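These notes concern the structure reproduced below.
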Amino acid sequence: MQNYTFDIKKVLTVACKLEVPSDAASEIDATLKALALACNYIHKIVPITFTSSDRIKSRSYQAVKEEFGLSPSLAICAIDRVAENRQIAQRSGSIVKEFKPTSAEYNVGIFSFREEDMTVSISLLDGQQRFKVLIGKHQLNLLKGQQLQSATLLKRQNSYYIHLHWEVIWRPG
């Protein structure tokens with residue numbers, strides 16, 4: 001009998017509340033709204049059969065940047081969100097109806113986490129902005145030394161959260 005060894009990649013997430021001053025809350029809300037509007041626009045103008053980011057980008061990138069005032073990175077975030085939602089809908093046999101201004105996905109190029117002062121920097125319509133992360137000891141221990149790969153900004157009621165994501169390799173057995 002032959003032994004097989006394999007690695008499984010897992011994405012781990014730590015969720016943290018953000019300390020957001022009231023003046024910055026309106027900037028976050030404006031960014032979430034612009035991203036949702038951009039996603040709905042992309043979903044409307046690009047054929048539903050297009051599910052890859054590259055194909056969607058070829059049909060919408062320039063228009064999305066200009067129409068919604070998004071930076072190149074935020075325009076890519078909107079395109080990636082539409083592609084991901086379409087792929088999930090296709091696999092599950094459902095349809096994408098609408099995008100709401102409740103979250104934004106950030107890749108490592110447009111967000112950063114600083115362990116030394118417990119802050120996260122995220123890209124908004126008016127540029128990068130840094131926010132204090134309200135984090136517990138357990139969350140901090142999980143994050144120590146990790147290479148963060150992406151983050152999700154969420155709005156729930158009138159509070160903002162950041163979900164920080166990284167990959168680990170798990171070897172069974």
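A note on labels: chains of the structure tokens are A, B, ... as shown, every chain counts residues from 1, and ligands are counted from 1 in their shown order.
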
| request: Extract, using only C-alpha atoms, all DNA, RNA and protein residues at most 10 Å from A:Thr49, discarding same-chain residues fewer than 4 positions from it, and format them as an MDAnalysis selection string. | output: chainID A and resid 55:56 86:87 90

May I have the selected residues written with all heavy atoms, as a CSV table (one decimal), in the first residue's frame?
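And here is the file that came out, selection06.csv:
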```csv
chain,number,residue,atom,x,y,z
A,55,ARG,N,-12.4,38.7,-18.1
A,55,ARG,CA,-13.4,39.0,-19.1
A,55,ARG,C,-14.3,40.1,-18.7
A,55,ARG,O,-14.6,41.0,-19.5
A,55,ARG,CB,-14.2,37.7,-19.4
A,55,ARG,CG,-13.5,36.7,-20.1
A,55,ARG,CD,-14.3,35.6,-20.6
A,55,ARG,NE,-15.1,36.0,-21.8
A,55,ARG,CZ,-16.2,35.3,-22.2
A,55,ARG,NH1,-16.6,34.2,-21.6
A,55,ARG,NH2,-16.8,35.8,-23.3
A,56,ILE,N,-14.6,40.2,-17.4
A,56,ILE,CA,-15.5,41.3,-16.9
A,56,ILE,C,-14.7,42.6,-17.0
A,56,ILE,O,-15.2,43.6,-17.4
A,56,ILE,CB,-16.0,41.0,-15.5
A,56,ILE,CG1,-16.9,39.8,-15.5
A,56,ILE,CG2,-16.6,42.2,-14.9
A,56,ILE,CD1,-17.3,39.3,-14.2
A,86,ARG,N,-20.9,35.9,-9.3
A,86,ARG,CA,-21.4,35.2,-10.4
A,86,ARG,C,-21.0,33.7,-10.4
A,86,ARG,O,-21.7,32.8,-10.7
A,86,ARG,CB,-21.0,35.9,-11.7
A,86,ARG,CG,-21.8,37.1,-12.0
A,86,ARG,CD,-21.3,37.7,-13.3
A,86,ARG,NE,-22.2,38.8,-13.7
A,86,ARG,CZ,-22.1,39.5,-14.9
A,86,ARG,NH1,-21.2,39.1,-15.8
A,86,ARG,NH2,-22.9,40.5,-15.1
A,87,GLN,N,-19.7,33.5,-10.1
A,87,GLN,CA,-19.2,32.1,-10.0
A,87,GLN,C,-19.9,31.3,-8.9
A,87,GLN,O,-20.3,30.2,-9.2
A,87,GLN,CB,-17.7,32.1,-9.7
A,87,GLN,CG,-16.9,32.6,-10.9
A,87,GLN,CD,-15.5,32.9,-10.5
A,87,GLN,OE1,-15.0,32.6,-9.5
A,87,GLN,NE2,-14.8,33.7,-11.4
A,90,GLN,N,-23.5,30.6,-10.1
A,90,GLN,CA,-23.5,29.6,-11.2
A,90,GLN,C,-23.3,28.2,-10.6
A,90,GLN,O,-24.1,27.3,-11.0
A,90,GLN,CB,-22.3,29.9,-12.2
A,90,GLN,CG,-22.3,29.1,-13.4
A,90,GLN,CD,-21.1,29.4,-14.3
A,90,GLN,OE1,-20.0,29.5,-13.9
A,90,GLN,NE2,-21.5,29.8,-15.6
```

| Near A:Ser123, counting only C-alpha atoms, which residues have an atom at most 9 Å away, once you skip same-chain residues fewer than 2 positions from it, shown as a ChimeraX atom specification? | /A:31,71,73-74,106,110-111,121,125-130

Go through stretch 35-133 of chain A residue by residue and, counting only C-alpha atoms, keep those with an atom at most 12 Å from stretch 5-17 of chain A; for each kept residue give the shortest atom pair and its distance in Å to one decimal, ordered by chain and increasing number, as a tab-separated table.
```
residue	atom	partner	partner_atom	distance
A:Phe113	CA	A:Cys16	CA	11.7
A:Met118	CA	A:Cys16	CA	10.6
A:Thr119	CA	A:Cys16	CA	10.7
A:Val120	CA	A:Cys16	CA	10.4
A:Phe131	CA	A:Lys17	CA	10.0
A:Lys132	CA	A:Lys17	CA	8.8
A:Val133	CA	A:Lys17	CA	6.1
```

Please produce an output containing all heavy atoms for each residue in the selection, written as a compact mmCIF listing (two decimals), in the first residue's frame.
```txt
# COMPACT_ATOMS: atom_id res chain seq x y z
N PHE A 113 -2.02 46.09 7.78
CA PHE A 113 -2.23 45.99 9.22
C PHE A 113 -0.90 46.22 9.91
O PHE A 113 0.10 45.60 9.53
CB PHE A 113 -2.79 44.61 9.59
CG PHE A 113 -2.87 44.37 11.07
CD1 PHE A 113 -3.80 45.04 11.84
CD2 PHE A 113 -2.02 43.46 11.68
CE1 PHE A 113 -3.88 44.82 13.21
CE2 PHE A 113 -2.10 43.22 13.04
CZ PHE A 113 -3.03 43.91 13.81
N MET A 118 -1.62 48.63 16.30
CA MET A 118 -2.95 48.03 16.15
C MET A 118 -3.86 48.88 15.25
O MET A 118 -4.97 49.25 15.62
CB MET A 118 -3.64 47.82 17.50
CG MET A 118 -2.97 46.82 18.37
SD MET A 118 -2.95 45.23 17.55
CE MET A 118 -1.37 44.66 18.10
N THR A 119 -3.36 49.19 14.06
CA THR A 119 -4.15 49.95 13.10
C THR A 119 -4.19 49.23 11.77
O THR A 119 -3.32 48.40 11.46
CB THR A 119 -3.58 51.36 12.88
OG1 THR A 119 -2.25 51.26 12.38
CG2 THR A 119 -3.61 52.19 14.16
N VAL A 120 -5.21 49.55 11.01
CA VAL A 120 -5.33 49.03 9.65
C VAL A 120 -5.51 50.22 8.73
O VAL A 120 -6.18 51.20 9.07
CB VAL A 120 -6.50 48.02 9.55
CG1 VAL A 120 -7.84 48.68 9.78
CG2 VAL A 120 -6.50 47.30 8.21
N PHE A 131 -7.17 53.31 10.60
CA PHE A 131 -8.12 53.20 11.70
C PHE A 131 -7.57 52.30 12.79
O PHE A 131 -6.90 51.31 12.50
CB PHE A 131 -9.45 52.61 11.21
CG PHE A 131 -10.13 53.45 10.17
CD1 PHE A 131 -10.01 53.12 8.82
CD2 PHE A 131 -10.87 54.55 10.52
CE1 PHE A 131 -10.62 53.89 7.85
CE2 PHE A 131 -11.49 55.33 9.56
CZ PHE A 131 -11.36 55.00 8.22
N LYS A 132 -7.91 52.62 14.02
CA LYS A 132 -7.55 51.80 15.18
C LYS A 132 -8.40 50.53 15.15
O LYS A 132 -9.60 50.58 14.89
CB LYS A 132 -7.81 52.58 16.46
CG LYS A 132 -7.45 51.86 17.72
CD LYS A 132 -6.03 52.19 18.09
CE LYS A 132 -5.69 51.57 19.44
NZ LYS A 132 -4.45 50.86 19.42
N VAL A 133 -7.76 49.39 15.40
CA VAL A 133 -8.45 48.11 15.45
C VAL A 133 -8.64 47.75 16.92
O VAL A 133 -7.70 47.76 17.71
CB VAL A 133 -7.61 47.01 14.74
CG1 VAL A 133 -8.28 45.65 14.87
CG2 VAL A 133 -7.40 47.36 13.28
```

| query | Where in chain A does DSSP assign strand (DSSP E), given as JSON, numbers by chain? | reply | {"A": [8, 9, 10, 11, 12, 13, 14, 15, 16, 17, 18, 19, 103, 104, 105, 106, 107, 111, 112, 113, 114, 119, 120, 121, 122, 123, 124, 127, 128, 129, 130, 131, 132, 133, 134, 150, 151, 152, 153, 154, 155, 156, 159, 160, 161, 162, 163, 164, 165, 166, 167, 168, 169, 170]}

Resulting file, chosen residues, C-alpha atoms, as a JSON list (two decimals), in the first residue's frame:
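Resulting contents of part.json:
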```
[["chain", "number", "residue", "atom", "x", "y", "z"],
["A", 8, "ILE", "CA", -4.50, 21.48, 2.34],
["A", 9, "LYS", "CA", -4.61, 25.27, 2.19],
["A", 10, "LYS", "CA", -6.97, 26.83, 4.68],
["A", 11, "VAL", "CA", -7.93, 30.49, 4.96],
["A", 12, "LEU", "CA", -8.16, 31.71, 8.53],
["A", 13, "THR", "CA", -9.95, 34.89, 9.54],
["A", 14, "VAL", "CA", -9.88, 37.19, 12.53],
["A", 15, "ALA", "CA", -12.77, 39.64, 12.87],
["A", 16, "CYS", "CA", -12.11, 42.96, 14.63],
["A", 17, "LYS", "CA", -14.17, 46.05, 15.26],
["A", 18, "LEU", "CA", -12.81, 49.33, 13.90],
["A", 19, "GLU", "CA", -12.72, 52.58, 15.83],
["A", 103, "SER", "CA", -18.92, 45.21, 2.48],
["A", 104, "ALA", "CA", -15.75, 45.63, 0.45],
["A", 105, "GLU", "CA", -12.96, 43.13, -0.27],
["A", 106, "TYR", "CA", -9.39, 44.38, -0.09],
["A", 107, "ASN", "CA", -6.32, 42.61, -1.39],
["A", 111, "PHE", "CA", -4.85, 47.49, 2.87],
["A", 112, "SER", "CA", -2.24, 46.97, 5.57],
["A", 113, "PHE", "CA", -2.23, 45.99, 9.22],
["A", 114, "ARG", "CA", 0.34, 47.39, 11.65],
["A", 119, "THR", "CA", -4.15, 49.95, 13.10],
["A", 120, "VAL", "CA", -5.33, 49.03, 9.65],
["A", 121, "SER", "CA", -5.00, 51.19, 6.56],
["A", 122, "ILE", "CA", -7.65, 50.82, 3.88],
["A", 123, "SER", "CA", -8.23, 52.47, 0.54],
["A", 124, "LEU", "CA", -11.28, 54.77, 0.37],
["A", 127, "GLY", "CA", -7.24, 57.77, -0.55],
["A", 128, "GLN", "CA", -5.75, 55.60, 2.18],
["A", 129, "GLN", "CA", -7.03, 56.05, 5.72],
["A", 130, "ARG", "CA", -5.80, 54.46, 8.94],
["A", 131, "PHE", "CA", -8.12, 53.20, 11.70],
["A", 132, "LYS", "CA", -7.55, 51.80, 15.18],
["A", 133, "VAL", "CA", -8.45, 48.11, 15.45],
["A", 134, "LEU", "CA", -10.18, 47.06, 18.66],
["A", 150, "SER", "CA", -6.75, 40.06, 2.17],
["A", 151, "ALA", "CA", -9.33, 41.83, 4.29],
["A", 152, "THR", "CA", -13.06, 42.43, 4.23],
["A", 153, "LEU", "CA", -14.51, 45.72, 5.44],
["A", 154, "LEU", "CA", -18.03, 45.26, 6.81],
["A", 155, "LYS", "CA", -20.74, 47.60, 8.01],
["A", 156, "ARG", "CA", -23.27, 46.21, 10.46],
["A", 159, "SER", "CA", -20.48, 49.84, 13.33],
["A", 160, "TYR", "CA", -17.55, 48.88, 11.11],
["A", 161, "TYR", "CA", -15.52, 45.68, 11.22],
["A", 162, "ILE", "CA", -12.47, 44.36, 9.44],
["A", 163, "HIS", "CA", -11.99, 40.66, 8.77],
["A", 164, "LEU", "CA", -8.30, 39.90, 8.26],
["A", 165, "HIS", "CA", -7.49, 36.77, 6.20],
["A", 166, "TRP", "CA", -4.37, 34.63, 5.81],
["A", 167, "GLU", "CA", -3.53, 31.16, 4.49],
["A", 168, "VAL", "CA", -2.09, 28.26, 6.42],
["A", 169, "ILE", "CA", -0.99, 24.84, 5.21],
["A", 170, "TRP", "CA", -2.52, 21.90, 7.02]]
```

| What lies within 9 Å of A:Asp29 using only C-alpha atoms, ignoring chain neighbours under 4 positions off, as a list in words? |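 Listing them by chain and then by number gives Ala24, Ala25, Lys33, Ala34, Pro101, Thr102 and Lys155 of chain A.
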
Keeping only N, CA, C and O atoms, write the selected residues to a file as a PDB file, in the first residue's frame.
```pdb
ATOM      1  N   ALA A  24     -15.002  60.135   9.469  1.00  0.00           N
ATOM      2  CA  ALA A  24     -14.486  59.078   8.599  1.00  0.00           C
ATOM      3  C   ALA A  24     -15.582  58.081   8.231  1.00  0.00           C
ATOM      4  O   ALA A  24     -15.515  57.440   7.183  1.00  0.00           O
ATOM      5  N   ALA A  25     -16.600  57.966   9.074  1.00  0.00           N
ATOM      6  CA  ALA A  25     -17.705  57.042   8.783  1.00  0.00           C
ATOM      7  C   ALA A  25     -18.390  57.415   7.467  1.00  0.00           C
ATOM      8  O   ALA A  25     -18.744  56.537   6.675  1.00  0.00           O
ATOM      9  N   LYS A  33     -20.896  52.626  -0.830  1.00  0.00           N
ATOM     10  CA  LYS A  33     -21.981  52.940  -1.768  1.00  0.00           C
ATOM     11  C   LYS A  33     -21.464  52.966  -3.204  1.00  0.00           C
ATOM     12  O   LYS A  33     -22.086  52.395  -4.108  1.00  0.00           O
ATOM     13  N   ALA A  34     -20.323  53.611  -3.415  1.00  0.00           N
ATOM     14  CA  ALA A  34     -19.751  53.674  -4.772  1.00  0.00           C
ATOM     15  C   ALA A  34     -19.402  52.276  -5.286  1.00  0.00           C
ATOM     16  O   ALA A  34     -19.642  51.958  -6.456  1.00  0.00           O
ATOM     17  N   PRO A 101     -24.446  48.076  -0.296  1.00  0.00           N
ATOM     18  CA  PRO A 101     -23.259  48.758   0.267  1.00  0.00           C
ATOM     19  C   PRO A 101     -22.935  48.326   1.700  1.00  0.00           C
ATOM     20  O   PRO A 101     -22.931  49.133   2.622  1.00  0.00           O
ATOM     21  N   THR A 102     -22.659  47.032   1.870  1.00  0.00           N
ATOM     22  CA  THR A 102     -22.410  46.518   3.214  1.00  0.00           C
ATOM     23  C   THR A 102     -21.000  45.974   3.408  1.00  0.00           C
ATOM     24  O   THR A 102     -20.592  45.744   4.546  1.00  0.00           O
ATOM     25  N   LYS A 155     -19.930  46.672   7.223  1.00  0.00           N
ATOM     26  CA  LYS A 155     -20.740  47.599   8.013  1.00  0.00           C
ATOM     27  C   LYS A 155     -21.947  46.821   8.518  1.00  0.00           C
ATOM     28  O   LYS A 155     -22.680  46.219   7.740  1.00  0.00           O
TER      29      LYS A 155
END
```

| query | atom CA of A:Ile45 and atom CA of A:Gly93, how far apart in Å? | reply |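 Interatomic distance here is 21.3 Å.
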
| message | Which of stretch 37-147 of chain A end up as alpha helix (DSSP H) when DSSP is run on this backbone - answer as a PyMOL selection string? | response | chain A and resi 37-45+53-68+72-92+137-143

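Distances to A:Ser52 were evaluated for A:Val82, A:Val64, A:Cys77, A:Leu32 using only C-alpha atoms, and the minimum falls at A:Val82.
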
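The gap separating atom CA of A:Asp117 from atom CA of A:Val20 is 15.3 Å, in Å to one decimal.
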
| field | Gap from atom CA of A:Ile79 to atom CA of A:Glu66 - Å, one decimal | value |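 Between these atoms lies a distance of 14.0 Å.
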
| said: My list of candidates is A:Glu27, A:Glu98, A:Gly109, A:Thr51. Which is closest to A:Pro72 when distances are computed with only C-alpha atoms? | reply: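 Looking at the shortest contact to A:Pro72, the residue is A:Gly109.
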
| field | Residue nearest A:Lys57 among A:Leu143, A:Leu70, A:Ala83, A:Ile135 (counting only C-alpha atoms) | value |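 Selected residue with least distance to A:Lys57: A:Ala83.
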
| task | May I ask which of the residues A:Arg171, A:Phe99, A:Ile48, A:Asp23 is the closest one to A:Arg81, counting only C-alpha atoms? | result |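 Closest candidate: A:Phe99.
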